[in-house]
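Next comes target26.pdb, with PDB, C-alpha atoms, pLDDT in the B column.
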```pdb
ATOM      1  CA  ARG A   1     -15.764   9.601 -16.341  1.00 83.00           C
ATOM      2  CA  MET A   2     -15.263  11.386 -13.012  1.00 84.00           C
ATOM      3  CA  ALA A   3     -15.026   8.041 -11.209  1.00 87.00           C
ATOM      4  CA  GLU A   4     -12.417   6.893 -13.730  1.00 88.00           C
ATOM      5  CA  ASN A   5     -10.381  10.076 -13.211  1.00 87.00           C
ATOM      6  CA  ASP A   6     -10.630   9.647  -9.449  1.00 86.00           C
ATOM      7  CA  LEU A   7      -9.386   6.069  -9.654  1.00 88.00           C
ATOM      8  CA  THR A   8      -6.539   7.059 -11.983  1.00 89.00           C
ATOM      9  CA  GLN A   9      -5.482   9.757  -9.540  1.00 83.00           C
ATOM     10  CA  ARG A  10      -5.532   7.368  -6.579  1.00 82.00           C
ATOM     11  CA  VAL A  11      -3.558   4.709  -8.448  1.00 86.00           C
ATOM     12  CA  SER A  12      -0.991   7.234  -9.682  1.00 85.00           C
ATOM     13  CA  ILE A  13      -0.405   8.630  -6.200  1.00 80.00           C
ATOM     14  CA  ARG A  14      -0.117   5.144  -4.746  1.00 79.00           C
ATOM     15  CA  ALA A  15       2.354   4.117  -7.475  1.00 80.00           C
ATOM     16  CA  LEU A  16       4.590   7.119  -6.761  1.00 78.00           C
ATOM     17  CA  ALA A  17       4.422   6.479  -3.023  1.00 74.00           C
ATOM     18  CA  HIS A  18       5.284   2.819  -3.641  1.00 75.00           C
ATOM     19  CA  LEU A  19       8.419   3.899  -5.500  1.00 74.00           C
ATOM     20  CA  ALA A  20       9.461   5.877  -2.422  1.00 70.00           C
ATOM     21  CA  GLU A  21       8.742   2.864  -0.195  1.00 71.00           C
ATOM     22  CA  MET A  22      11.071   0.717  -2.273  1.00 69.00           C
ATOM     23  CA  ARG A  23      14.066   2.729  -1.066  1.00 71.00           C
ATOM     24  CA  ASP A  24      13.473   1.975   2.579  1.00 71.00           C
ATOM     25  CA  PRO A  25      10.828  -0.107   4.402  1.00 69.00           C
ATOM     26  CA  GLU A  26      10.463   2.580   7.059  1.00 72.00           C
ATOM     27  CA  THR A  27       9.483   5.053   4.339  1.00 70.00           C
ATOM     28  CA  GLY A  28       6.233   3.171   3.762  1.00 69.00           C
ATOM     29  CA  ASN A  29       5.267   3.479   7.408  1.00 77.00           C
ATOM     30  CA  HIS A  30       6.288   7.138   7.389  1.00 82.00           C
ATOM     31  CA  ILE A  31       4.044   7.778   4.388  1.00 82.00           C
ATOM     32  CA  LEU A  32       1.054   6.152   6.085  1.00 82.00           C
ATOM     33  CA  ARG A  33       1.683   7.972   9.381  1.00 87.00           C
ATOM     34  CA  THR A  34       2.003  11.311   7.628  1.00 89.00           C
ATOM     35  CA  GLN A  35      -1.205  10.695   5.701  1.00 90.00           C
ATOM     36  CA  GLY A  36      -3.035   9.949   8.945  1.00 93.00           C
ATOM     37  CA  TYR A  37      -1.577  13.022  10.672  1.00 96.00           C
ATOM     38  CA  VAL A  38      -2.575  15.296   7.795  1.00 96.00           C
ATOM     39  CA  GLN A  39      -6.117  13.960   7.811  1.00 97.00           C
ATOM     40  CA  GLN A  40      -6.533  14.236  11.583  1.00 97.00           C
ATOM     41  CA  LEU A  41      -5.091  17.761  11.724  1.00 97.00           C
ATOM     42  CA  ALA A  42      -7.338  18.914   8.890  1.00 97.00           C
ATOM     43  CA  LEU A  43     -10.403  17.395  10.532  1.00 97.00           C
ATOM     44  CA  LYS A  44      -9.635  19.172  13.818  1.00 97.00           C
ATOM     45  CA  LEU A  45      -8.940  22.478  12.073  1.00 97.00           C
ATOM     46  CA  GLN A  46     -12.191  22.169  10.125  1.00 97.00           C
ATOM     47  CA  ALA A  47     -14.025  23.097  13.328  1.00 96.00           C
ATOM     48  CA  HIS A  48     -12.029  26.331  13.698  1.00 96.00           C
ATOM     49  CA  PRO A  49     -13.848  29.381  12.261  1.00 96.00           C
ATOM     50  CA  ARG A  50     -10.704  30.573  10.486  1.00 96.00           C
ATOM     51  CA  PHE A  51     -10.420  27.377   8.431  1.00 96.00           C
ATOM     52  CA  ALA A  52     -14.013  26.130   8.211  1.00 94.00           C
ATOM     53  CA  ASP A  53     -14.690  27.651   4.788  1.00 95.00           C
ATOM     54  CA  THR A  54     -11.521  26.196   3.256  1.00 96.00           C
ATOM     55  CA  LEU A  55     -11.388  22.782   4.886  1.00 97.00           C
ATOM     56  CA  THR A  56     -14.414  21.188   3.298  1.00 97.00           C
ATOM     57  CA  ASP A  57     -14.793  17.410   3.374  1.00 96.00           C
ATOM     58  CA  ARG A  58     -13.673  17.269  -0.280  1.00 94.00           C
ATOM     59  CA  TYR A  59     -10.614  19.419   0.435  1.00 96.00           C
ATOM     60  CA  ILE A  60      -9.619  17.229   3.384  1.00 97.00           C
ATOM     61  CA  ASP A  61     -10.005  14.142   1.201  1.00 93.00           C
ATOM     62  CA  LEU A  62      -7.671  15.677  -1.382  1.00 91.00           C
ATOM     63  CA  LEU A  63      -5.153  16.668   1.289  1.00 93.00           C
ATOM     64  CA  ALA A  64      -5.084  13.176   2.759  1.00 92.00           C
ATOM     65  CA  ARG A  65      -4.981  11.588  -0.660  1.00 89.00           C
ATOM     66  CA  SER A  66      -1.991  13.658  -1.768  1.00 88.00           C
ATOM     67  CA  ALA A  67      -0.090  13.479   1.552  1.00 89.00           C
ATOM     68  CA  PRO A  68       1.912  10.408   0.449  1.00 82.00           C
ATOM     69  CA  LEU A  69       3.593  12.651  -2.141  1.00 80.00           C
ATOM     70  CA  HIS A  70       5.060  15.032   0.439  1.00 78.00           C
ATOM     71  CA  ASP A  71       8.611  13.671  -0.026  1.00 69.00           C
ATOM     72  CA  ILE A  72       8.451  13.444  -3.789  1.00 68.00           C
TER      73      ILE A  72
END
```
Translate this file's structure into structure tokens.
Amino acid sequence: RMAENDLTQRVSIRALAHLAEMRDPETGNHILRTQGYVQQLALKLQAHPRFADTLTDRYIDLLARSAPLHDI
């Protein structure tokens, strides 16, 4: 059931991001760039003592996964 929920979440986020991409081709690239930036920043900050407890691998995965929704 958890795997099904995870897949539903991923598909839903991707569908919403795809709607945003339809407006403008550059939007799709922007969404992918932003997702990559969010993931890389979180991974770097994970090593900082101030953020280490919060930025778990699971949390970073959720941040990166939801980043495409930042304009919605």
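For the file at hand, the PyMOL selection byres ((chain A and resi 10-24) around 10) resolves to A:Glu4, A:Asn5, A:Asp6, A:Leu7, A:Thr8, A:Gln9, A:Pro25, A:Glu26, A:Thr27, A:Gly28, A:Asn29, A:His30, A:Ile31, A:Leu32, A:Arg65, A:Ser66, A:Ala67, A:Pro68, A:Leu69, A:His70, A:Asp71, A:Ile72.
Atom pair atom CA of A:Val38 / atom CA of A:Met2 has a distance of 24.7 Å (rounded to one decimal).
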Atomic separation - atom CA of A:Tyr59 relative to atom CA of A:Gly36, Å
14.8 Å
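Across the model, the gap from atom CA of A:Thr54 to atom CA of A:Gln40 is 15.4 Å.
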Box in all listed atoms of stretch 59-66 of chain A, axis-aligned, with 5 Å more on each side; write out centre and edge lengths in Å to one decimal as lines of an AutoDock Vina configuration file.
```
center_x = -6.3
center_y = 15.5
center_z = 0.8
size_x = 18.6
size_y = 17.8
size_z = 15.2
```
For stretch 13-48 of chain A of the block above, can you save N, CA, C and O atoms as a PDB file, in the first residue's frame?
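Heads up, here's the output in selection_36.pdb:
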```
ATOM      1  N   ILE A  13       2.210  14.649  -8.881  1.00  0.00           N
ATOM      2  CA  ILE A  13       3.127  15.790  -8.977  1.00  0.00           C
ATOM      3  C   ILE A  13       3.570  15.984 -10.414  1.00  0.00           C
ATOM      4  O   ILE A  13       3.600  17.096 -10.931  1.00  0.00           O
ATOM      5  N   ARG A  14       3.910  14.896 -11.078  1.00  0.00           N
ATOM      6  CA  ARG A  14       4.359  14.989 -12.468  1.00  0.00           C
ATOM      7  C   ARG A  14       3.247  15.515 -13.370  1.00  0.00           C
ATOM      8  O   ARG A  14       3.495  16.301 -14.279  1.00  0.00           O
ATOM      9  N   ALA A  15       2.002  15.098 -13.114  1.00  0.00           N
ATOM     10  CA  ALA A  15       0.872  15.567 -13.924  1.00  0.00           C
ATOM     11  C   ALA A  15       0.668  17.072 -13.748  1.00  0.00           C
ATOM     12  O   ALA A  15       0.453  17.794 -14.735  1.00  0.00           O
ATOM     13  N   LEU A  16       0.752  17.561 -12.523  1.00  0.00           N
ATOM     14  CA  LEU A  16       0.615  18.997 -12.286  1.00  0.00           C
ATOM     15  C   LEU A  16       1.762  19.783 -12.933  1.00  0.00           C
ATOM     16  O   LEU A  16       1.554  20.841 -13.516  1.00  0.00           O
ATOM     17  N   ALA A  17       2.958  19.263 -12.821  1.00  0.00           N
ATOM     18  CA  ALA A  17       4.109  19.922 -13.447  1.00  0.00           C
ATOM     19  C   ALA A  17       3.953  19.925 -14.963  1.00  0.00           C
ATOM     20  O   ALA A  17       4.290  20.907 -15.632  1.00  0.00           O
ATOM     21  N   HIS A  18       3.423  18.845 -15.515  1.00  0.00           N
ATOM     22  CA  HIS A  18       3.214  18.766 -16.966  1.00  0.00           C
ATOM     23  C   HIS A  18       2.221  19.831 -17.425  1.00  0.00           C
ATOM     24  O   HIS A  18       2.399  20.432 -18.489  1.00  0.00           O
ATOM     25  N   LEU A  19       1.196  20.085 -16.627  1.00  0.00           N
ATOM     26  CA  LEU A  19       0.248  21.143 -16.964  1.00  0.00           C
ATOM     27  C   LEU A  19       0.959  22.498 -17.053  1.00  0.00           C
ATOM     28  O   LEU A  19       0.678  23.303 -17.934  1.00  0.00           O
ATOM     29  N   ALA A  20       1.873  22.743 -16.136  1.00  0.00           N
ATOM     30  CA  ALA A  20       2.639  23.992 -16.166  1.00  0.00           C
ATOM     31  C   ALA A  20       3.532  24.046 -17.397  1.00  0.00           C
ATOM     32  O   ALA A  20       3.694  25.096 -18.020  1.00  0.00           O
ATOM     33  N   GLU A  21       4.104  22.915 -17.782  1.00  0.00           N
ATOM     34  CA  GLU A  21       4.982  22.858 -18.955  1.00  0.00           C
ATOM     35  C   GLU A  21       4.224  23.181 -20.241  1.00  0.00           C
ATOM     36  O   GLU A  21       4.808  23.711 -21.186  1.00  0.00           O
ATOM     37  N   MET A  22       2.957  22.857 -20.268  1.00  0.00           N
ATOM     38  CA  MET A  22       2.154  23.052 -21.468  1.00  0.00           C
ATOM     39  C   MET A  22       2.050  24.534 -21.843  1.00  0.00           C
ATOM     40  O   MET A  22       1.900  24.873 -23.004  1.00  0.00           O
ATOM     41  N   ARG A  23       2.150  25.405 -20.860  1.00  0.00           N
ATOM     42  CA  ARG A  23       2.047  26.839 -21.115  1.00  0.00           C
ATOM     43  C   ARG A  23       3.238  27.352 -21.908  1.00  0.00           C
ATOM     44  O   ARG A  23       3.106  28.246 -22.725  1.00  0.00           O
ATOM     45  N   ASP A  24       4.400  26.793 -21.620  1.00  0.00           N
ATOM     46  CA  ASP A  24       5.627  27.332 -22.187  1.00  0.00           C
ATOM     47  C   ASP A  24       6.700  26.247 -22.147  1.00  0.00           C
ATOM     48  O   ASP A  24       6.963  25.695 -21.085  1.00  0.00           O
ATOM     49  N   PRO A  25       7.343  25.942 -23.276  1.00  0.00           N
ATOM     50  CA  PRO A  25       8.369  24.894 -23.281  1.00  0.00           C
ATOM     51  C   PRO A  25       9.516  25.168 -22.299  1.00  0.00           C
ATOM     52  O   PRO A  25      10.085  24.247 -21.728  1.00  0.00           O
ATOM     53  N   GLU A  26       9.846  26.425 -22.110  1.00  0.00           N
ATOM     54  CA  GLU A  26      10.935  26.757 -21.194  1.00  0.00           C
ATOM     55  C   GLU A  26      10.572  26.412 -19.757  1.00  0.00           C
ATOM     56  O   GLU A  26      11.440  26.137 -18.934  1.00  0.00           O
ATOM     57  N   THR A  27       9.276  26.411 -19.458  1.00  0.00           N
ATOM     58  CA  THR A  27       8.826  26.081 -18.101  1.00  0.00           C
ATOM     59  C   THR A  27       9.269  24.682 -17.706  1.00  0.00           C
ATOM     60  O   THR A  27       9.683  24.440 -16.568  1.00  0.00           O
ATOM     61  N   GLY A  28       9.196  23.746 -18.645  1.00  0.00           N
ATOM     62  CA  GLY A  28       9.612  22.371 -18.344  1.00  0.00           C
ATOM     63  C   GLY A  28      11.064  22.298 -17.948  1.00  0.00           C
ATOM     64  O   GLY A  28      11.425  21.611 -16.984  1.00  0.00           O
ATOM     65  N   ASN A  29      11.912  23.013 -18.675  1.00  0.00           N
ATOM     66  CA  ASN A  29      13.337  23.034 -18.313  1.00  0.00           C
ATOM     67  C   ASN A  29      13.550  23.721 -16.975  1.00  0.00           C
ATOM     68  O   ASN A  29      14.389  23.309 -16.187  1.00  0.00           O
ATOM     69  N   HIS A  30      12.800  24.776 -16.730  1.00  0.00           N
ATOM     70  CA  HIS A  30      12.893  25.501 -15.458  1.00  0.00           C
ATOM     71  C   HIS A  30      12.523  24.576 -14.295  1.00  0.00           C
ATOM     72  O   HIS A  30      13.198  24.556 -13.265  1.00  0.00           O
ATOM     73  N   ILE A  31      11.479  23.792 -14.480  1.00  0.00           N
ATOM     74  CA  ILE A  31      11.041  22.869 -13.434  1.00  0.00           C
ATOM     75  C   ILE A  31      12.137  21.851 -13.123  1.00  0.00           C
ATOM     76  O   ILE A  31      12.447  21.594 -11.962  1.00  0.00           O
ATOM     77  N   LEU A  32      12.742  21.299 -14.164  1.00  0.00           N
ATOM     78  CA  LEU A  32      13.804  20.307 -13.955  1.00  0.00           C
ATOM     79  C   LEU A  32      15.046  20.930 -13.322  1.00  0.00           C
ATOM     80  O   LEU A  32      15.663  20.332 -12.439  1.00  0.00           O
ATOM     81  N   ARG A  33      15.405  22.146 -13.761  1.00  0.00           N
ATOM     82  CA  ARG A  33      16.561  22.826 -13.167  1.00  0.00           C
ATOM     83  C   ARG A  33      16.315  23.112 -11.688  1.00  0.00           C
ATOM     84  O   ARG A  33      17.180  22.868 -10.848  1.00  0.00           O
ATOM     85  N   THR A  34      15.141  23.626 -11.387  1.00  0.00           N
ATOM     86  CA  THR A  34      14.813  23.950 -10.005  1.00  0.00           C
ATOM     87  C   THR A  34      14.837  22.703  -9.134  1.00  0.00           C
ATOM     88  O   THR A  34      15.360  22.723  -8.012  1.00  0.00           O
ATOM     89  N   GLN A  35      14.323  21.606  -9.643  1.00  0.00           N
ATOM     90  CA  GLN A  35      14.338  20.354  -8.895  1.00  0.00           C
ATOM     91  C   GLN A  35      15.772  19.924  -8.602  1.00  0.00           C
ATOM     92  O   GLN A  35      16.096  19.526  -7.478  1.00  0.00           O
ATOM     93  N   GLY A  36      16.644  20.043  -9.578  1.00  0.00           N
ATOM     94  CA  GLY A  36      18.047  19.694  -9.379  1.00  0.00           C
ATOM     95  C   GLY A  36      18.726  20.611  -8.385  1.00  0.00           C
ATOM     96  O   GLY A  36      19.510  20.153  -7.538  1.00  0.00           O
ATOM     97  N   TYR A  37      18.438  21.916  -8.464  1.00  0.00           N
ATOM     98  CA  TYR A  37      19.030  22.886  -7.536  1.00  0.00           C
ATOM     99  C   TYR A  37      18.587  22.588  -6.102  1.00  0.00           C
ATOM    100  O   TYR A  37      19.404  22.618  -5.172  1.00  0.00           O
ATOM    101  N   VAL A  38      17.306  22.338  -5.923  1.00  0.00           N
ATOM    102  CA  VAL A  38      16.784  22.050  -4.585  1.00  0.00           C
ATOM    103  C   VAL A  38      17.470  20.817  -4.003  1.00  0.00           C
ATOM    104  O   VAL A  38      17.909  20.815  -2.850  1.00  0.00           O
ATOM    105  N   GLN A  39      17.598  19.789  -4.806  1.00  0.00           N
ATOM    106  CA  GLN A  39      18.227  18.559  -4.324  1.00  0.00           C
ATOM    107  C   GLN A  39      19.698  18.788  -3.971  1.00  0.00           C
ATOM    108  O   GLN A  39      20.158  18.353  -2.911  1.00  0.00           O
ATOM    109  N   GLN A  40      20.424  19.473  -4.831  1.00  0.00           N
ATOM    110  CA  GLN A  40      21.847  19.704  -4.570  1.00  0.00           C
ATOM    111  C   GLN A  40      22.067  20.593  -3.349  1.00  0.00           C
ATOM    112  O   GLN A  40      22.954  20.324  -2.531  1.00  0.00           O
ATOM    113  N   LEU A  41      21.266  21.635  -3.209  1.00  0.00           N
ATOM    114  CA  LEU A  41      21.381  22.513  -2.037  1.00  0.00           C
ATOM    115  C   LEU A  41      21.087  21.739  -0.749  1.00  0.00           C
ATOM    116  O   LEU A  41      21.805  21.872   0.246  1.00  0.00           O
ATOM    117  N   ALA A  42      20.041  20.945  -0.771  1.00  0.00           N
ATOM    118  CA  ALA A  42      19.682  20.168   0.418  1.00  0.00           C
ATOM    119  C   ALA A  42      20.776  19.173   0.770  1.00  0.00           C
ATOM    120  O   ALA A  42      21.104  18.995   1.952  1.00  0.00           O
ATOM    121  N   LEU A  43      21.345  18.525  -0.232  1.00  0.00           N
ATOM    122  CA  LEU A  43      22.424  17.573   0.033  1.00  0.00           C
ATOM    123  C   LEU A  43      23.644  18.257   0.647  1.00  0.00           C
ATOM    124  O   LEU A  43      24.275  17.726   1.563  1.00  0.00           O
ATOM    125  N   LYS A  44      23.977  19.440   0.159  1.00  0.00           N
ATOM    126  CA  LYS A  44      25.116  20.183   0.728  1.00  0.00           C
ATOM    127  C   LYS A  44      24.817  20.636   2.152  1.00  0.00           C
ATOM    128  O   LYS A  44      25.667  20.562   3.038  1.00  0.00           O
ATOM    129  N   LEU A  45      23.586  21.129   2.372  1.00  0.00           N
ATOM    130  CA  LEU A  45      23.224  21.602   3.705  1.00  0.00           C
ATOM    131  C   LEU A  45      23.080  20.464   4.710  1.00  0.00           C
ATOM    132  O   LEU A  45      23.192  20.678   5.917  1.00  0.00           O
ATOM    133  N   GLN A  46      22.874  19.266   4.233  1.00  0.00           N
ATOM    134  CA  GLN A  46      22.746  18.101   5.109  1.00  0.00           C
ATOM    135  C   GLN A  46      24.013  17.905   5.949  1.00  0.00           C
ATOM    136  O   GLN A  46      23.952  17.426   7.071  1.00  0.00           O
ATOM    137  N   ALA A  47      25.141  18.325   5.414  1.00  0.00           N
ATOM    138  CA  ALA A  47      26.412  18.173   6.131  1.00  0.00           C
ATOM    139  C   ALA A  47      26.619  19.258   7.190  1.00  0.00           C
ATOM    140  O   ALA A  47      27.520  19.137   8.024  1.00  0.00           O
ATOM    141  N   HIS A  48      25.810  20.297   7.171  1.00  0.00           N
ATOM    142  CA  HIS A  48      25.935  21.387   8.136  1.00  0.00           C
ATOM    143  C   HIS A  48      25.242  20.978   9.442  1.00  0.00           C
ATOM    144  O   HIS A  48      24.114  20.506   9.426  1.00  0.00           O
TER     145      HIS A  48
END
```
